[in-house]
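Trainee: Below is the file coords13.cif, with mmCIF, C-alpha atoms, pLDDT in the B column; chains and numbers go by the auth columns.
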```cif
data_upload
loop_
_atom_site.group_PDB
_atom_site.id
_atom_site.type_symbol
_atom_site.label_atom_id
_atom_site.label_comp_id
_atom_site.label_asym_id
_atom_site.label_seq_id
_atom_site.Cartn_x
_atom_site.Cartn_y
_atom_site.Cartn_z
_atom_site.B_iso_or_equiv
_atom_site.auth_seq_id
_atom_site.auth_asym_id
ATOM 1 C CA MET A 1 71.399 12.908 -65.649 53.00 1 A
ATOM 2 C CA GLY A 2 67.653 13.084 -66.162 59.00 2 A
ATOM 3 C CA LEU A 3 66.681 12.068 -62.629 55.00 3 A
ATOM 4 C CA VAL A 4 69.322 14.336 -61.104 51.00 4 A
ATOM 5 C CA ALA A 5 68.014 17.293 -63.120 54.00 5 A
ATOM 6 C CA THR A 6 64.477 16.535 -62.010 53.00 6 A
ATOM 7 C CA LEU A 7 65.438 16.313 -58.340 53.00 7 A
ATOM 8 C CA LEU A 8 67.126 19.691 -58.690 54.00 8 A
ATOM 9 C CA GLY A 9 63.917 21.162 -60.086 52.00 9 A
ATOM 10 C CA LEU A 10 65.207 21.471 -63.651 56.00 10 A
ATOM 11 C CA GLY A 11 62.595 19.194 -65.264 53.00 11 A
ATOM 12 C CA LEU A 12 60.037 21.397 -66.988 76.00 12 A
ATOM 13 C CA LEU A 13 57.982 18.880 -68.954 92.00 13 A
ATOM 14 C CA PRO A 14 54.776 17.428 -67.438 92.00 14 A
ATOM 15 C CA GLN A 15 55.237 14.331 -65.329 93.00 15 A
ATOM 16 C CA PRO A 16 54.249 10.933 -66.727 96.00 16 A
ATOM 17 C CA SER A 17 51.796 8.620 -64.973 97.00 17 A
ATOM 18 C CA ILE A 18 52.664 5.158 -63.696 97.00 18 A
ATOM 19 C CA TRP A 19 50.638 2.109 -62.602 96.00 19 A
ATOM 20 C CA ALA A 20 50.926 -1.663 -62.238 96.00 20 A
ATOM 21 C CA VAL A 21 48.752 -4.520 -63.511 95.00 21 A
ATOM 22 C CA PRO A 22 47.315 -6.621 -61.893 93.00 22 A
ATOM 23 C CA GLY A 23 48.234 -4.433 -58.920 91.00 23 A
ATOM 24 C CA ALA A 24 51.016 -3.136 -56.707 93.00 24 A
ATOM 25 C CA VAL A 25 50.996 -6.099 -54.304 93.00 25 A
ATOM 26 C CA ILE A 26 52.281 -9.277 -55.968 94.00 26 A
ATOM 27 C CA SER A 27 52.867 -12.743 -54.573 94.00 27 A
ATOM 28 C CA THR A 28 56.291 -14.327 -54.935 96.00 28 A
ATOM 29 C CA GLY A 29 56.736 -15.990 -58.321 96.00 29 A
ATOM 30 C CA SER A 30 53.951 -14.022 -60.040 96.00 30 A
ATOM 31 C CA ASP A 31 54.300 -11.659 -63.003 96.00 31 A
ATOM 32 C CA VAL A 32 53.483 -7.948 -63.100 96.00 32 A
ATOM 33 C CA SER A 33 53.513 -5.244 -65.755 97.00 33 A
ATOM 34 C CA ILE A 34 54.419 -1.624 -65.076 97.00 34 A
ATOM 35 C CA PHE A 35 52.914 0.974 -67.404 97.00 35 A
ATOM 36 C CA CYS A 36 54.074 4.554 -67.991 97.00 36 A
ATOM 37 C CA ARG A 37 52.019 7.082 -69.951 97.00 37 A
ATOM 38 C CA THR A 38 53.666 10.133 -71.570 95.00 38 A
ATOM 39 C CA PRO A 39 52.633 12.936 -73.935 93.00 39 A
ATOM 40 C CA PRO A 40 53.126 12.148 -77.637 92.00 40 A
ATOM 41 C CA GLY A 41 56.464 12.775 -79.303 91.00 41 A
ATOM 42 C CA VAL A 42 58.852 11.712 -76.534 94.00 42 A
ATOM 43 C CA THR A 43 62.388 10.634 -77.411 93.00 43 A
ATOM 44 C CA THR A 44 63.222 8.222 -74.591 94.00 44 A
ATOM 45 C CA LEU A 45 61.492 6.818 -71.536 95.00 45 A
ATOM 46 C CA ARG A 46 63.206 5.478 -68.427 95.00 46 A
ATOM 47 C CA LEU A 47 61.834 3.343 -65.623 96.00 47 A
ATOM 48 C CA TYR A 48 63.884 3.631 -62.404 96.00 48 A
ATOM 49 C CA HIS A 49 63.888 0.988 -59.675 95.00 49 A
ATOM 50 C CA TYR A 50 65.000 1.697 -56.111 89.00 50 A
ATOM 51 C CA GLY A 51 65.406 -1.673 -54.436 75.00 51 A
ATOM 52 C CA PRO A 52 68.440 -3.451 -53.038 69.00 52 A
ATOM 53 C CA TYR A 53 70.332 -1.408 -55.624 73.00 53 A
ATOM 54 C CA MET A 54 69.357 1.268 -58.130 82.00 54 A
ATOM 55 C CA LYS A 55 68.851 0.383 -61.783 87.00 55 A
ATOM 56 C CA TRP A 56 66.788 1.567 -64.720 89.00 56 A
ATOM 57 C CA PHE A 57 65.174 0.288 -67.879 92.00 57 A
ATOM 58 C CA GLU A 58 65.094 2.385 -71.038 93.00 58 A
ATOM 59 C CA SER A 59 62.652 2.307 -73.941 92.00 59 A
ATOM 60 C CA THR A 60 62.522 4.135 -77.279 91.00 60 A
ATOM 61 C CA PRO A 61 59.005 4.885 -78.542 90.00 61 A
ATOM 62 C CA GLU A 62 57.628 3.558 -81.797 87.00 62 A
ATOM 63 C CA GLU A 63 55.931 6.309 -83.864 82.00 63 A
ATOM 64 C CA ALA A 64 53.347 8.096 -81.689 85.00 64 A
ATOM 65 C CA GLN A 65 53.589 5.694 -78.753 91.00 65 A
ATOM 66 C CA GLU A 66 52.327 7.147 -75.477 94.00 66 A
ATOM 67 C CA VAL A 67 51.969 4.084 -73.210 96.00 67 A
ATOM 68 C CA PHE A 68 55.045 1.987 -72.378 96.00 68 A
ATOM 69 C CA GLU A 69 54.902 -1.461 -70.783 96.00 69 A
ATOM 70 C CA PHE A 70 57.662 -3.083 -68.750 95.00 70 A
ATOM 71 C CA SER A 71 57.037 -6.750 -67.932 95.00 71 A
ATOM 72 C CA LEU A 72 58.557 -8.161 -64.760 94.00 72 A
ATOM 73 C CA GLN A 73 58.404 -11.947 -64.586 94.00 73 A
ATOM 74 C CA TYR A 74 58.661 -14.191 -61.552 95.00 74 A
ATOM 75 C CA MET A 75 58.708 -11.530 -58.869 95.00 75 A
ATOM 76 C CA THR A 76 61.146 -11.992 -55.995 94.00 76 A
ATOM 77 C CA HIS A 77 62.431 -9.807 -53.168 93.00 77 A
ATOM 78 C CA ILE A 78 64.952 -8.295 -55.611 92.00 78 A
ATOM 79 C CA SER A 79 62.139 -6.842 -57.744 93.00 79 A
ATOM 80 C CA ALA A 80 60.320 -5.206 -54.822 94.00 80 A
ATOM 81 C CA GLY A 81 60.723 -1.510 -54.051 94.00 81 A
ATOM 82 C CA ILE A 82 59.991 1.931 -55.461 95.00 82 A
ATOM 83 C CA TYR A 83 59.580 2.640 -59.176 97.00 83 A
ATOM 84 C CA TYR A 84 59.512 5.957 -61.041 96.00 84 A
ATOM 85 C CA CYS A 85 59.421 6.823 -64.713 96.00 85 A
ATOM 86 C CA GLU A 86 60.488 9.920 -66.685 95.00 86 A
ATOM 87 C CA TYR A 87 61.030 10.840 -70.324 95.00 87 A
ATOM 88 C CA THR A 88 62.921 13.181 -72.636 94.00 88 A
ATOM 89 C CA LYS A 89 61.419 15.366 -75.328 92.00 89 A
ATOM 90 C CA GLY A 90 63.171 18.029 -77.360 88.00 90 A
ATOM 91 C CA GLY A 91 66.360 17.584 -75.357 88.00 91 A
ATOM 92 C CA GLU A 92 64.636 18.242 -72.003 92.00 92 A
ATOM 93 C CA TRP A 93 63.827 15.836 -69.187 92.00 93 A
ATOM 94 C CA SER A 94 60.390 15.622 -67.669 94.00 94 A
ATOM 95 C CA GLN A 95 59.455 15.661 -64.034 93.00 95 A
ATOM 96 C CA ILE A 96 59.522 12.214 -62.458 94.00 96 A
ATOM 97 C CA SER A 97 56.239 10.375 -62.037 96.00 97 A
ATOM 98 C CA ASP A 98 54.570 9.696 -58.717 96.00 98 A
ATOM 99 C CA ARG A 99 56.145 6.800 -56.860 95.00 99 A
ATOM 100 C CA LEU A 100 54.913 3.279 -57.380 95.00 100 A
ATOM 101 C CA GLU A 101 55.765 0.846 -54.601 94.00 101 A
ATOM 102 C CA LEU A 102 55.754 -2.792 -55.663 94.00 102 A
ATOM 103 C CA VAL A 103 55.255 -5.119 -52.713 95.00 103 A
ATOM 104 C CA VAL A 104 56.126 -8.815 -52.870 96.00 104 A
ATOM 105 C CA THR A 105 54.257 -11.122 -50.491 95.00 105 A
ATOM 106 C CA GLY A 106 55.386 -14.530 -49.324 96.00 106 A
ATOM 107 C CA VAL A 107 59.008 -13.460 -48.907 96.00 107 A
ATOM 108 C CA TYR A 108 58.671 -14.397 -45.225 96.00 108 A
ATOM 109 C CA MET A 109 57.110 -17.837 -45.072 94.00 109 A
ATOM 110 C CA GLU A 110 55.146 -17.292 -41.876 96.00 110 A
ATOM 111 C CA THR A 111 51.345 -17.128 -42.125 96.00 111 A
ATOM 112 C CA PRO A 112 49.822 -14.712 -39.567 97.00 112 A
ATOM 113 C CA SER A 113 46.536 -15.501 -37.854 96.00 113 A
ATOM 114 C CA LEU A 114 43.771 -12.880 -37.847 95.00 114 A
ATOM 115 C CA THR A 115 41.175 -12.981 -35.085 94.00 115 A
ATOM 116 C CA VAL A 116 38.419 -10.658 -33.906 86.00 116 A
ATOM 117 C CA ASP A 117 37.808 -9.280 -30.439 76.00 117 A
ATOM 118 C CA SER A 118 34.395 -7.579 -30.415 59.00 118 A
ATOM 119 C CA GLY A 119 33.655 -4.564 -28.284 52.00 119 A
ATOM 120 C CA PRO A 120 30.783 -4.203 -25.796 47.00 120 A
ATOM 121 C CA GLN A 121 27.543 -5.914 -26.778 48.00 121 A
ATOM 122 C CA GLY A 122 24.085 -4.390 -27.100 45.00 122 A
ATOM 123 C CA PHE A 123 24.994 -1.204 -28.974 46.00 123 A
ATOM 124 C CA PRO A 124 23.852 -0.463 -32.553 48.00 124 A
ATOM 125 C CA GLU A 125 27.303 0.999 -33.294 53.00 125 A
ATOM 126 C CA ARG A 126 30.496 -0.207 -31.678 66.00 126 A
ATOM 127 C CA ASN A 127 34.218 -0.704 -32.108 76.00 127 A
ATOM 128 C CA VAL A 128 35.747 -3.977 -33.207 83.00 128 A
ATOM 129 C CA THR A 129 39.386 -4.931 -32.596 88.00 129 A
ATOM 130 C CA LEU A 130 41.202 -7.282 -34.974 92.00 130 A
ATOM 131 C CA LEU A 131 44.418 -8.992 -33.882 94.00 131 A
ATOM 132 C CA CYS A 132 47.106 -10.014 -36.391 96.00 132 A
ATOM 133 C CA HIS A 133 49.197 -12.573 -34.509 95.00 133 A
ATOM 134 C CA THR A 134 52.656 -13.806 -35.563 95.00 134 A
ATOM 135 C CA HIS A 135 55.386 -15.871 -33.926 94.00 135 A
ATOM 136 C CA SER A 136 58.292 -13.956 -35.483 94.00 136 A
ATOM 137 C CA PRO A 137 59.204 -10.480 -34.155 94.00 137 A
ATOM 138 C CA PHE A 138 57.708 -8.448 -37.013 96.00 138 A
ATOM 139 C CA ASN A 139 57.341 -4.714 -36.376 95.00 139 A
ATOM 140 C CA ILE A 140 55.039 -3.752 -39.267 97.00 140 A
ATOM 141 C CA PHE A 141 51.514 -5.124 -39.626 97.00 141 A
ATOM 142 C CA ILE A 142 49.218 -4.628 -42.591 96.00 142 A
ATOM 143 C CA LEU A 143 45.433 -5.089 -42.637 94.00 143 A
ATOM 144 C CA CYS A 144 43.662 -5.254 -46.002 92.00 144 A
ATOM 145 C CA ARG A 145 39.887 -5.021 -46.290 87.00 145 A
ATOM 146 C CA ASP A 146 37.686 -6.971 -48.686 77.00 146 A
ATOM 147 C CA GLY A 147 40.503 -9.518 -48.816 60.00 147 A
ATOM 148 C CA ASN A 148 42.166 -7.481 -51.559 64.00 148 A
ATOM 149 C CA ALA A 149 45.753 -6.325 -51.115 67.00 149 A
ATOM 150 C CA SER A 150 46.350 -5.418 -54.767 71.00 150 A
ATOM 151 C CA PHE A 151 45.599 -1.745 -54.218 69.00 151 A
ATOM 152 C CA PRO A 152 47.249 0.325 -51.445 69.00 152 A
ATOM 153 C CA GLN A 153 44.023 2.177 -50.615 73.00 153 A
ATOM 154 C CA ASN A 154 42.563 -1.116 -49.365 82.00 154 A
ATOM 155 C CA CYS A 155 45.303 -1.598 -46.744 90.00 155 A
ATOM 156 C CA SER A 156 46.421 0.131 -43.559 91.00 156 A
ATOM 157 C CA HIS A 157 49.898 -0.146 -42.001 93.00 157 A
ATOM 158 C CA GLN A 158 50.945 0.254 -38.391 94.00 158 A
ATOM 159 C CA SER A 159 53.639 -0.778 -35.932 94.00 159 A
ATOM 160 C CA HIS A 160 51.443 -2.863 -33.611 93.00 160 A
ATOM 161 C CA SER A 161 49.317 -5.921 -34.273 94.00 161 A
ATOM 162 C CA THR A 162 45.889 -4.710 -33.110 93.00 162 A
ATOM 163 C CA PHE A 163 43.610 -2.871 -35.522 92.00 163 A
ATOM 164 C CA LEU A 164 40.661 -0.858 -34.251 88.00 164 A
ATOM 165 C CA ILE A 165 37.713 -0.653 -36.640 82.00 165 A
ATOM 166 C CA SER A 166 35.470 2.143 -35.421 74.00 166 A
ATOM 167 C CA LEU A 167 31.696 2.477 -35.608 58.00 167 A
ATOM 168 C CA VAL A 168 30.865 -0.948 -36.963 62.00 168 A
ATOM 169 C CA SER A 169 27.087 -0.881 -37.485 62.00 169 A
ATOM 170 C CA PRO A 170 24.742 -3.856 -37.526 63.00 170 A
ATOM 171 C CA GLY A 171 24.702 -5.287 -41.013 63.00 171 A
ATOM 172 C CA HIS A 172 28.443 -4.609 -41.496 67.00 172 A
ATOM 173 C CA ARG A 173 29.897 -7.316 -43.778 77.00 173 A
ATOM 174 C CA ARG A 174 33.530 -7.343 -44.915 82.00 174 A
ATOM 175 C CA THR A 175 36.432 -9.695 -45.391 89.00 175 A
ATOM 176 C CA TYR A 176 39.893 -8.926 -43.990 91.00 176 A
ATOM 177 C CA ARG A 177 43.412 -10.358 -44.345 93.00 177 A
ATOM 178 C CA CYS A 178 46.593 -9.334 -42.598 95.00 178 A
ATOM 179 C CA PHE A 179 50.294 -9.455 -43.438 96.00 179 A
ATOM 180 C CA ALA A 180 53.483 -8.790 -41.469 97.00 180 A
ATOM 181 C CA SER A 181 56.724 -7.089 -42.421 97.00 181 A
ATOM 182 C CA TYR A 182 59.803 -5.327 -41.055 97.00 182 A
ATOM 183 C CA GLU A 183 60.454 -1.605 -40.873 95.00 183 A
ATOM 184 C CA HIS A 184 63.797 -1.918 -42.667 93.00 184 A
ATOM 185 C CA SER A 185 62.154 -3.663 -45.689 94.00 185 A
ATOM 186 C CA PRO A 186 58.515 -2.502 -45.904 94.00 186 A
ATOM 187 C CA SER A 187 58.111 -3.762 -49.497 94.00 187 A
ATOM 188 C CA LEU A 188 58.620 -7.383 -48.409 96.00 188 A
ATOM 189 C CA TRP A 189 55.612 -9.019 -46.735 96.00 189 A
ATOM 190 C CA SER A 190 54.787 -12.340 -45.164 97.00 190 A
ATOM 191 C CA LEU A 191 52.236 -14.779 -46.507 96.00 191 A
ATOM 192 C CA PRO A 192 48.634 -13.589 -46.077 95.00 192 A
ATOM 193 C CA SER A 193 46.491 -14.730 -43.195 95.00 193 A
ATOM 194 C CA ASP A 194 43.391 -16.759 -43.877 94.00 194 A
ATOM 195 C CA PRO A 195 40.469 -14.485 -44.773 93.00 195 A
ATOM 196 C CA LEU A 196 38.385 -13.302 -41.838 91.00 196 A
ATOM 197 C CA LYS A 197 34.754 -12.580 -42.639 87.00 197 A
ATOM 198 C CA LEU A 198 33.405 -9.972 -40.250 79.00 198 A
ATOM 199 C CA SER A 199 29.619 -9.917 -40.155 75.00 199 A
ATOM 200 C CA ILE A 200 27.696 -7.936 -37.522 67.00 200 A
ATOM 201 C CA PRO A 201 24.062 -9.187 -37.425 66.00 201 A
ATOM 202 C CA VAL A 202 21.159 -6.784 -37.158 61.00 202 A
ATOM 203 C CA SER A 203 20.089 -7.057 -33.534 57.00 203 A
ATOM 204 C CA SER A 204 16.517 -7.075 -32.188 48.00 204 A
ATOM 205 C CA THR A 205 17.375 -3.849 -30.372 50.00 205 A
ATOM 206 C CA SER A 206 18.132 -2.177 -33.683 52.00 206 A
ATOM 207 C CA ASN A 207 14.840 -3.416 -35.154 56.00 207 A
ATOM 208 C CA TYR A 208 12.950 -2.130 -32.113 55.00 208 A
ATOM 209 C CA ARG A 209 14.528 1.319 -32.443 67.00 209 A
ATOM 210 C CA LEU A 210 13.760 1.407 -36.152 67.00 210 A
ATOM 211 C CA GLU A 211 10.109 0.562 -35.492 69.00 211 A
ATOM 212 C CA ASN A 212 9.927 3.272 -32.830 74.00 212 A
ATOM 213 C CA SER A 213 11.408 5.811 -35.239 77.00 213 A
ATOM 214 C CA ILE A 214 8.802 4.917 -37.861 83.00 214 A
ATOM 215 C CA ARG A 215 5.990 5.224 -35.303 81.00 215 A
ATOM 216 C CA LEU A 216 7.301 8.639 -34.211 83.00 216 A
ATOM 217 C CA ILE A 217 7.456 9.907 -37.808 87.00 217 A
ATOM 218 C CA MET A 218 3.888 8.685 -38.478 84.00 218 A
ATOM 219 C CA ALA A 219 2.647 10.380 -35.284 81.00 219 A
ATOM 220 C CA ILE A 220 4.269 13.676 -36.349 87.00 220 A
ATOM 221 C CA ILE A 221 2.610 13.433 -39.765 86.00 221 A
ATOM 222 C CA ILE A 222 -0.815 12.776 -38.179 87.00 222 A
ATOM 223 C CA VAL A 223 -0.438 15.706 -35.759 81.00 223 A
ATOM 224 C CA LEU A 224 0.572 18.054 -38.574 82.00 224 A
ATOM 225 C CA SER A 225 -2.354 16.912 -40.727 81.00 225 A
ATOM 226 C CA LEU A 226 -4.763 17.416 -37.846 81.00 226 A
ATOM 227 C CA GLY A 227 -3.341 20.877 -37.235 75.00 227 A
ATOM 228 C CA VAL A 228 -3.958 21.835 -40.875 75.00 228 A
ATOM 229 C CA VAL A 229 -7.589 20.671 -40.634 74.00 229 A
ATOM 230 C CA LEU A 230 -8.193 22.619 -37.402 76.00 230 A
ATOM 231 C CA LEU A 231 -6.577 25.734 -38.880 73.00 231 A
ATOM 232 C CA ASP A 232 -8.853 25.598 -41.930 74.00 232 A
ATOM 233 C CA ALA A 233 -11.903 25.186 -39.702 72.00 233 A
ATOM 234 C CA TRP A 234 -10.864 28.140 -37.548 68.00 234 A
ATOM 235 C CA LYS A 235 -10.392 30.361 -40.600 70.00 235 A
ATOM 236 C CA SER A 236 -13.769 29.453 -42.015 72.00 236 A
ATOM 237 C CA ARG A 237 -15.512 30.432 -38.764 69.00 237 A
ATOM 238 C CA ARG A 238 -13.881 33.873 -38.783 63.00 238 A
ATOM 239 C CA GLU A 239 -15.037 34.775 -42.304 59.00 239 A
ATOM 240 C CA PRO A 240 -17.762 37.536 -42.212 58.00 240 A
ATOM 241 C CA MET A 241 -21.306 36.472 -43.150 53.00 241 A
ATOM 242 C CA GLY A 242 -23.269 38.303 -45.861 53.00 242 A
ATOM 243 C CA PRO A 243 -26.392 40.506 -45.075 54.00 243 A
ATOM 244 C CA LEU A 244 -29.592 38.676 -44.153 47.00 244 A
ATOM 245 C CA GLU A 245 -32.572 39.126 -46.470 51.00 245 A
ATOM 246 C CA SER A 246 -35.750 40.545 -44.951 48.00 246 A
ATOM 247 C CA PRO A 247 -38.629 38.077 -44.915 47.00 247 A
ATOM 248 C CA LYS A 248 -41.282 38.779 -47.540 53.00 248 A
ATOM 249 C CA MET A 249 -44.819 39.575 -46.377 48.00 249 A
ATOM 250 C CA ARG A 250 -47.653 37.566 -47.868 49.00 250 A
ATOM 251 C CA THR A 251 -50.692 39.465 -49.025 45.00 251 A
#
```
Show me the file's structure as structure tokens.
Mentor:
Amino acid sequence: MGLVATLLGLGLLPQPSIWAVPGAVISTGSDVSIFCRTPPGVTTLRLYHYGPYMKWFESTPEEAQEVFEFSLQYMTHISAGIYYCEYTKGGEWSQISDRLELVVTGVYMETPSLTVDSGPQGFPERNVTLLCHTHSPFNIFILCRDGNASFPQNCSHQSHSTFLISLVSPGHRRTYRCFASYEHSPSLWSLPSDPLKLSIPVSSTSNYRLENSIRLIMAIIIVLSLGVVLLDAWKSRREPMGPLESPKMRT
């Protein structure tokens, strides 16, 4: 009843917050905890799971409890999917929380390979293309930077296996991994690829341009300083001279 009322816009209480520890992307067989935070004084809290089938977990607060923990052990494909939480207080249901998508990796036992195809050479900034290759006919590919897939903001999803990284400057250093999945089950991922360390060295061309920029800045400073000196000299020459004293006659 609570979720239905919320979807119909009848929930008036503030929405709770929801998050997962150690993160929202979990390998098969690992444990994860889902936390929901509510205002004080709630009567009941529910955690809803939209996966292969819908179910919910219910918790009754102890005294002034505001943070509720739900432990999920030995994650499998059944535990993956979308989670929401909501609560009741004073006989009213709250709004539902933002969605939390729990992803389980290693459901598909294939390990993708991640390779790099650099763009044109000799430019201080360029594009780099990464290729996530698989043998199975996956139609969703996920690239995670810094080798960390635990947080969604570190990953990008798309329907083809090539990832364009724009404006990679010399000195760029990052680690990437990729995963593969299917459109009909986006919360189930393959095993991760081996980490790919992308390091763009600082080229001699870049050093040469930096030195030229420094020389240009120094030349501008010298010219401006010289201009100030010449301007002061010109002003001093235009200042009027005082009256000359008449020579004194000797007697």
Trainee: Check the smallest atom-to-atom distance from each of A:Arg215, A:His133, A:His160, A:Lys89 to Arg177 in chain A using all atoms listed in the file, then report the winner.
Mentor: A:His133
Trainee: What is the distance between CA of Pro61 in chain A and CA of Gly81 in chain A, in Å to one decimal?
Mentor: 25.4 Å
Trainee: Name the residues that the PyMOL selection byres ((chain A and resi 189) around 9) pulls out of this structure, and write them as an MDAnalysis selection string.
Mentor: chainID A and resid 103:108 142 179:182 185:188 190:192
Trainee: Record the distance separating CA of Thr28 in chain A and CA of Glu58 in chain A, expressed in Å with one decimal.
Mentor: 24.8 Å
Trainee: Choose the residue, out of A:Ile165, A:Ile217, A:Val116, A:Val228, that has the smallest atom-to-atom separation from Lys197 in chain A; count only C-alpha atoms.
Mentor: A:Val116
Trainee: Here is a test: counting only C-alpha atoms, which residue of A:Leu198, A:Leu224, A:Met75, A:Ile18 is nearest to Thr129 in chain A?
Mentor: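 Checking each candidate against Thr129 in chain A, we get A:Leu198 as the closest.
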